[in-house]
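Containing PDB, C-alpha atoms: coords.pdb.
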ATOM      1  CA  MET A  61     -17.860 -63.138   2.123
ATOM      2  CA  GLU A  62     -18.842 -66.764   2.623
ATOM      3  CA  HIS A  63     -21.101 -67.555   5.579
ATOM      4  CA  LYS A  64     -21.579 -70.985   7.146
ATOM      5  CA  LYS A  65     -23.665 -71.977  10.124
ATOM      6  CA  TYR A  66     -22.868 -74.829  12.513
ATOM      7  CA  SER A  67     -24.810 -76.326  15.411
ATOM      8  CA  PHE A  68     -23.071 -78.711  17.789
ATOM      9  CA  HIS A  69     -24.470 -77.742  21.217
ATOM     10  CA  GLU A  70     -27.833 -77.807  22.961
ATOM     11  CA  GLY A  71     -27.144 -74.566  24.833
ATOM     12  CA  ALA A  72     -25.730 -71.160  24.049
ATOM     13  CA  VAL A  73     -22.156 -71.257  22.765
ATOM     14  CA  ARG A  74     -20.239 -68.941  25.090
ATOM     15  CA  ALA A  75     -16.673 -69.508  23.948
ATOM     16  CA  LEU A  76     -14.659 -70.663  20.977
ATOM     17  CA  CYS A  77     -11.120 -70.675  19.653
ATOM     18  CA  PHE A  78      -9.112 -71.988  16.737
ATOM     19  CA  SER A  79      -6.452 -74.631  17.162
ATOM     20  CA  PRO A  80      -3.065 -72.920  16.700
ATOM     21  CA  LYS A  81      -1.814 -75.923  14.706
ATOM     22  CA  ASN A  82      -4.821 -76.500  12.448
ATOM     23  CA  GLN A  83      -7.164 -73.635  11.582
ATOM     24  CA  GLU A  84      -9.787 -76.140  10.434
ATOM     25  CA  ILE A  85     -10.310 -77.270  14.048
ATOM     26  CA  ILE A  86     -12.043 -75.235  16.731
ATOM     27  CA  ALA A  87     -12.927 -75.761  20.371
ATOM     28  CA  THR A  88     -16.318 -74.554  21.601
ATOM     29  CA  GLY A  89     -17.695 -74.159  25.123
ATOM     30  CA  SER A  90     -21.381 -74.001  25.924
ATOM     31  CA  ALA A  91     -24.055 -73.494  28.541
ATOM     32  CA  ASP A  92     -24.868 -77.170  27.978
ATOM     33  CA  GLY A  93     -21.779 -78.097  30.033
ATOM     34  CA  PHE A  94     -19.741 -79.457  27.144
ATOM     35  CA  VAL A  95     -16.551 -78.468  25.381
ATOM     36  CA  LYS A  96     -16.389 -79.765  21.837
ATOM     37  CA  LEU A  97     -13.656 -80.145  19.261
ATOM     38  CA  VAL A  98     -15.009 -79.607  15.764
ATOM     39  CA  HIS A  99     -13.526 -80.087  12.298
ATOM     40  CA  LEU A 100     -15.111 -77.255  10.326
ATOM     41  CA  PRO A 101     -14.729 -78.399   6.684
ATOM     42  CA  SER A 102     -16.381 -81.760   7.348
ATOM     43  CA  HIS A 103     -18.895 -80.403   9.920
ATOM     44  CA  THR A 104     -17.687 -83.193  12.212
ATOM     45  CA  GLU A 105     -17.644 -83.223  15.992
ATOM     46  CA  LEU A 106     -14.290 -84.809  16.854
ATOM     47  CA  HIS A 107     -14.824 -85.110  20.601
ATOM     48  CA  ALA A 108     -17.078 -83.883  23.410
ATOM     49  CA  PHE A 109     -15.579 -83.200  26.856
ATOM     50  CA  HIS A 110     -18.041 -83.020  29.769
ATOM     51  CA  HIS A 111     -16.927 -79.966  31.722
ATOM     52  CA  GLN A 112     -19.984 -79.834  34.049
ATOM     53  CA  GLY A 113     -21.659 -76.474  34.456
ATOM     54  CA  ASP A 114     -21.815 -73.611  31.980
ATOM     55  CA  VAL A 115     -18.556 -73.198  30.058
ATOM     56  CA  ASN A 116     -17.535 -69.565  29.560
ATOM     57  CA  CYS A 117     -14.038 -69.909  28.108
ATOM     58  CA  VAL A 118     -11.781 -72.285  26.220
ATOM     59  CA  ALA A 119      -8.155 -72.117  25.123
ATOM     60  CA  ILE A 120      -5.901 -74.494  23.212
ATOM     61  CA  SER A 121      -2.185 -74.612  24.009
ATOM     62  CA  SER A 122       0.310 -73.546  21.339
ATOM     63  CA  SER A 123       1.427 -77.173  20.932
ATOM     64  CA  ALA A 124      -2.245 -78.143  20.467
ATOM     65  CA  HIS A 125      -1.743 -80.904  23.041
ATOM     66  CA  TYR A 126      -3.892 -79.337  25.781
ATOM     67  CA  LEU A 127      -7.278 -77.684  26.085
ATOM     68  CA  LEU A 128      -8.249 -75.433  28.988
ATOM     69  CA  SER A 129     -11.881 -74.825  29.948
ATOM     70  CA  ALA A 130     -13.571 -72.911  32.776
ATOM     71  CA  GLY A 131     -16.979 -71.540  33.606
ATOM     72  CA  ASP A 132     -19.655 -70.659  36.124
ATOM     73  CA  THR A 133     -18.607 -73.206  38.771
ATOM     74  CA  GLY A 134     -15.191 -71.558  39.177
ATOM     75  CA  LEU A 135     -13.453 -74.808  38.282
ATOM     76  CA  ALA A 136     -10.929 -74.998  35.457
ATOM     77  CA  LYS A 137     -10.106 -78.208  33.657
ATOM     78  CA  ILE A 138      -7.140 -79.213  31.556
ATOM     79  CA  TRP A 139      -7.788 -81.833  28.890
ATOM     80  CA  ASN A 140      -5.161 -83.788  26.990
ATOM     81  CA  LEU A 141      -6.107 -83.485  23.312
ATOM     82  CA  ILE A 142      -4.047 -86.521  22.343
ATOM     83  CA  THR A 143      -5.573 -88.991  24.829
ATOM     84  CA  LYS A 144      -8.892 -87.077  25.158
ATOM     85  CA  GLU A 145      -8.647 -87.354  28.956
ATOM     86  CA  GLU A 146      -9.158 -84.842  31.742
ATOM     87  CA  VAL A 147      -5.714 -84.435  33.299
ATOM     88  CA  GLN A 148      -6.317 -81.778  35.952
ATOM     89  CA  VAL A 149      -9.079 -79.864  37.720
ATOM     90  CA  PHE A 150      -8.392 -76.840  39.877
ATOM     91  CA  ASP A 151     -10.373 -74.194  41.706
ATOM     92  CA  VAL A 152      -9.551 -70.815  40.182
ATOM     93  CA  HIS A 153     -10.969 -68.756  43.043
ATOM     94  CA  ASN A 154      -9.867 -70.972  45.939
ATOM     95  CA  GLN A 155     -12.991 -72.620  47.364
ATOM     96  CA  THR A 156     -15.390 -69.821  46.383
ATOM     97  CA  PRO A 157     -17.757 -70.668  43.522
ATOM     98  CA  THR A 158     -16.923 -67.605  41.440
ATOM     99  CA  PRO A 159     -17.649 -67.692  37.702
ATOM    100  CA  VAL A 160     -14.646 -67.597  35.400
ATOM    101  CA  TYR A 161     -15.216 -65.471  32.293
ATOM    102  CA  SER A 162     -12.024 -65.815  30.275
ATOM    103  CA  CYS A 163      -8.914 -67.962  30.104
ATOM    104  CA  ALA A 164      -5.685 -68.222  28.146
ATOM    105  CA  ILE A 165      -2.510 -70.302  28.009
ATOM    106  CA  SER A 166       0.803 -68.545  27.439
ATOM    107  CA  ARG A 167       2.574 -69.283  24.160
ATOM    108  CA  SER A 168       5.420 -70.905  26.142
ATOM    109  CA  GLU A 169       2.823 -73.086  27.929
ATOM    110  CA  GLU A 170       4.321 -72.081  31.279
ATOM    111  CA  LYS A 171       1.295 -70.166  32.601
ATOM    112  CA  CYS A 172      -2.463 -70.014  32.352
ATOM    113  CA  ILE A 173      -4.541 -66.969  33.248
ATOM    114  CA  PHE A 174      -8.188 -66.437  34.187
ATOM    115  CA  SER A 175     -10.532 -63.522  34.803
ATOM    116  CA  THR A 176     -13.469 -63.822  37.205
ATOM    117  CA  TRP A 177     -16.750 -61.976  37.741
ATOM    118  CA  ASP A 178     -15.387 -60.024  40.733
ATOM    119  CA  GLY A 179     -12.805 -58.221  38.592
ATOM    120  CA  THR A 180      -9.791 -60.290  39.589
ATOM    121  CA  ILE A 181      -7.196 -61.998  37.423
ATOM    122  CA  HIS A 182      -5.648 -65.299  38.493
ATOM    123  CA  ILE A 183      -2.357 -66.634  37.105
ATOM    124  CA  PHE A 184      -1.244 -70.226  37.604
ATOM    125  CA  GLY A 185       1.775 -72.206  36.493
ATOM    126  CA  PHE A 186       0.759 -74.471  33.647
ATOM    127  CA  PRO A 187       1.692 -77.933  34.926
ATOM    128  CA  TYR A 188       2.473 -79.465  31.535
ATOM    129  CA  ALA A 189       5.173 -77.105  30.249
TER     130      ALA A 189
END
Please render this file's structure as structure tokens.
Amino acid sequence: MEHKKYSFHEGAVRALCFSPKNQEIIATGSADGFVKLVHLPSHTELHAFHHQGDVNCVAISSSAHYLLSAGDTGLAKIWNLITKEEVQVFDVHNQTPTPVYSCAISRSEEKCIFSTWDGTIHIFGFPYA
């Protein structure tokens, strides 16, 4: 089995996922407050998104047009992967700074889901379906 090692962050990498449209591209989230898009074969960082605060989870939509990130601040961000812009920020736990540990976007891109440290699950409509 082939093994390769990559280093793109200055803090612990807490989350990663493959792009559903291109398995050579991954998104990574780190304790350094950044989410990065990386092209694995070329070892190239394609873009760095400043999430602010430790990032615990990342997810790429099935269309590969959107990236979702969330972390210790309790804020989730949606990034447009075409324009590389932040398009929405929302408070997962409604005004309480509760760390978010995992996130996902439904295949239909109609919903996004989060889990938080207090054992709750939060489901939101995905605004870009």
Next item on the list: May I ask which of the residues A:Ala164, A:Ser67, A:Thr133, A:Gly185 is the closest one to Thr104 in chain A, counting only C-alpha atoms?
Entry: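 Of all the options, A:Ser67 lies closest to Thr104 in chain A.
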Next item on the list: Just say which residues the PyMOL selection byres ((chain A and resi 183) around 12) picks in this file, as a PyMOL selection string.
Entry: chain A and resi 151-153+162-166+170-176+180-182+184-186
Checklist line | Pairwise distance for CA of Glu70 in chain A and CA of Gly93 in chain A, rounded to one decimal in Å | finding: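 Spanning CA of Glu70 in chain A to CA of Gly93 in chain A is a straight-line distance of 9.3 Å.
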Notebook entry, point to check: What gap, in Å, lies between CA of Val73 in chain A and CA of Gly89 in chain A?
Noted result: 5.8 Å
Notebook entry, point to check: Could you state the separation of CA of His107 in chain A and CA of Lys64 in chain A in Å, given to one decimal place?
Noted result: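 CA of Lys64 in chain A lies 20.6 Å from CA of His107 in chain A.
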Note to self: Need to verify the contact set: His111 in chain A, 10 Å, only C-alpha atoms, exclusion of same-chain residues closer than 4 positions in sequence. Can you return it as an MDAnalysis selection string?
What the structure shows: chainID A and resid 89:90 92:96 115 129:131 133 135:139 146 149
Check: Got a sec: who's within 10 Å of Ala91 in chain A, counting all atoms listed in the file, leaving out chain neighbours fewer than 6 positions off, as a PyMOL selection string?
Finding: chain A and resi 69-75+112-116+131-132
Margin query: Just want the 9 Å neighbourhood of Ser79 in chain A, counted on only C-alpha atoms, with same-chain residues fewer than 5 positions away dropped. Output as a ChimeraX atom specification.
Written below: /A:84-87,119-122,124
Note to self: Set the distance at 6 Å and use all atoms listed in the file: which residues neighbour Gly134 in chain A once local chain neighbours fewer than 5 positions away are removed? I'd like the list as an MDAnalysis selection string.
What the structure shows: chainID A and resid 152 157:160
Next item on the list: With a distance cut-off of 12 Å and all atoms listed in the file, select the neighbouring residues of Lys65 in chain A, excluding the residue or stretch itself and same-chain residues fewer than 3 positions from it, and output the selection as a list in words.
Entry: Glu62, Phe68, Leu100, Pro101 and His103 of chain A
Note to self: So, with all atoms listed in the file as the atoms that count, which of A:Arg167, A:Gly179, A:Leu97, A:Tyr188 lies closest to Val147 in chain A?
What the structure shows: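 The shortest atom-to-atom distance to Val147 in chain A comes from A:Tyr188.
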Checklist line | Option closest in space to His110 in chain A, from A:Lys144, A:Thr156, A:Leu76, A:Lys81 [counting all atoms listed in the file] | finding: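 Nearest candidate to His110 in chain A out of A:Lys144, A:Thr156, A:Leu76, A:Lys81: A:Lys144.
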Mind giving me the axis-aligned box for range 134-150 of chain A with 8 Å on every side, centre plus edges in Å to one decimal, as lines of an AutoDock Vina configuration file?
center_x = -9.6
center_y = -80.3
center_z = 31.1
size_x = 27.1
size_y = 33.4
size_z = 33.5
